[in-house]
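In what follows, a structure is listed as structure tokens, so that the remarks can point back to it.
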Amino acid sequence: MKVALLSESPADEAVLRELVAAVLGGSPAWSAAGLRARGWPSVVQVLPAVIRHLHFNTDTDTLVVTADADDSVVHTAAHEAPGYFHPQCRLCQLRAVFRRTTRKLPPARGRNRVLRGVGVAVPALEAWLLCGRDATVGESAWIEGQSAGRAPYTRAELKWRVYGTDRPSLPYEIRRAVEEIRRHGRDTRRLEHDFPGFGVLARDLREDQAMLHGHPP
Amino acid sequence: MIASVDFKNFKALRATALQLAPFNLIIGANGSGKTSLIQAVERLHALARLPLATPGPARRAGGPRISFRFNSPFAAVEARLECVSEASCDLLQIRPAHAPEWPALQAQLGRIRSYQLDYGAMTAPAAPGASPDAPLSPSGANLAAVLAAWRDRHPAEFAALVAEVLRVLPEYSGLELVRGPAGIVTLGLRLGPGGDLVTADNLSQGTLALLAILALAHDPAPPAVLCIEEIDRGVHPRRLREVRDAFYRLSHPSASGLKRPAVQVIATTHSPYLLDLFRDHPEEIVIAQKQGRAARFERLADRADLAELLSEGSLGDMWYSGILGGVPDES
């Protein structure tokens, strides 16, 4: 299985590599290292071109894309209903871009389309890094806070909790992020439970892996 | 160190004030006062080295005037520059006139440095300075000589700098300084282990810029205030995070685990990509707004709708769109 990553920074990419390997049970082959988007909505703007590029110019099987939710509507189980699309949900938007883009593509390089692995970190990737270490951080806490009109923590607070500063250098940020995500080892069940925005990414990846092995879900 | 600057009739800055933070990134159209701010700080530095003057009779009423206030322990002192013309500010007065803090403040003002890196100058071999502790010159022309002096006199800091250069520029395996006749130093980067030595005149502008910026960030004797123009110039957008981090190392040393006083940084840019990196710190962004011939400074963090704007796009895109101001008048 050959996987490409579209992320916002080298630190995010380092985390995603760890997570993808954990979900797949081993490190896959990596394609076209270092595809970057400049945050939201840049990721939605570049995604169609990235998908087309990977489809026609590479042998990538799966493209993994993540974005931070920030203050957007959080993806919930209700959004998983067939045909449902929430215009303010970033996960729904990313999936819609995948659908629209891949629908029009002719087969290339022996496959019909590049498969999808989409996740959204609520509200930011640092929340995933705190999973299992800080019990106050989780999607349910964030959603409750949104409902009450009072966020339980800010992006800056999450950075402080992970890095001890809101201005980490890039190498330190990568080192700390990888340290934290490696706490989970190969077992991502807690992360999938506490962060459904990661859970759907893990599910995508497993389905992609099964499909490539001739076992479509 | 500098808490605020208040401009009256100085070039495009007709009547505006700016509170300064430890790190300040100034954005705005050409001719909107970004460089004028740095020139004012440079002038303060230059005049603070001279004995304080008393005003002569020829001062023009309503003429250009720049007032500086300072952070603790100099909060009680005001330094005022008065100018005979927009281009010539030659009088520095302090208030109160005999402030006991002045000698200590004067020493700090002597530690202001200003940079406008000149890649052509940096490519030339550098003669050793009169003092081995000479800092990097405003154009960066003595970069090779400064690094050679650090290698000899500050080996730990030099080693840290080299390690950082090689991390940021992983295609290289070593930074080399070759002394020639009369002590002239040539700078080069070694391409991979055992590879060719790429001398400064063959390095790209962006590589030289990163070298100079990393050198500033690892200076064993950093200044009190560092002004620098166009910190993004020549640097690939994906390397701008390293540029930002280098200046954060100066302005927020504790975030890098360093135990030394902070350096106040005043930098300018025209790069939306660099601006994107300040999403979490909009308080560090200053927008120079120009309307007609007059310009004023605004802090991005003062915008009431900032959170809403950030949810809809990147800071760089917002700036380019014109929503934030700080764009040229195209009408």
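By convention in this document, the chains of the structure tokens carry letters A, B, ... by their order, each chain's residues are numbered from 1, and ligands are numbered from 1 in the order they are shown.
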
>> What's around Glu179 (chain A) at 12 Å? Count only C-alpha atoms, leave out sequence neighbours fewer than 2 positions away in its own chain, and write the answer as an MDAnalysis selection string.
In response: chainID A and resid 11 14:15 18 129:130 162:163 172:177 181:185

> Which residues, written as a list in words, have at least one atom at most 7 Å from region 95-106 of chain A, with only C-alpha atoms counted and residues fewer than 6 positions away on the same chain left out?
Replying inline: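 Listed by chain and then number, they are Pro48, Asn112 and Arg113 of chain A.
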
> Mind listing as a list of chain:residue names which residues of chain A are within 6 Å of chain B, counting only C-alpha atoms?
Replying inline: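 Listing them in order of chain and number gives A:Pro41, A:Thr165, A:Ser169.
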
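Between CA of Arg69 (chain B) and CA of Pro100 (chain B) there is a distance of 15.4 Å.
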
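Atom pair CA of Pro196 (chain A) / CA of Trp40 (chain A) has a distance of 19.6 Å (rounded to one decimal).
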
>> I'd like the neighbourhood of Ala32 (chain A) as a list in words, where a residue qualifies if any of its atoms comes within 9 Å (using only C-alpha atoms), though same-chain residues fewer than 5 positions away should be ignored.
In response: Val3, Ala4, Leu5, Leu54, Thr58 and Thr60 of chain A
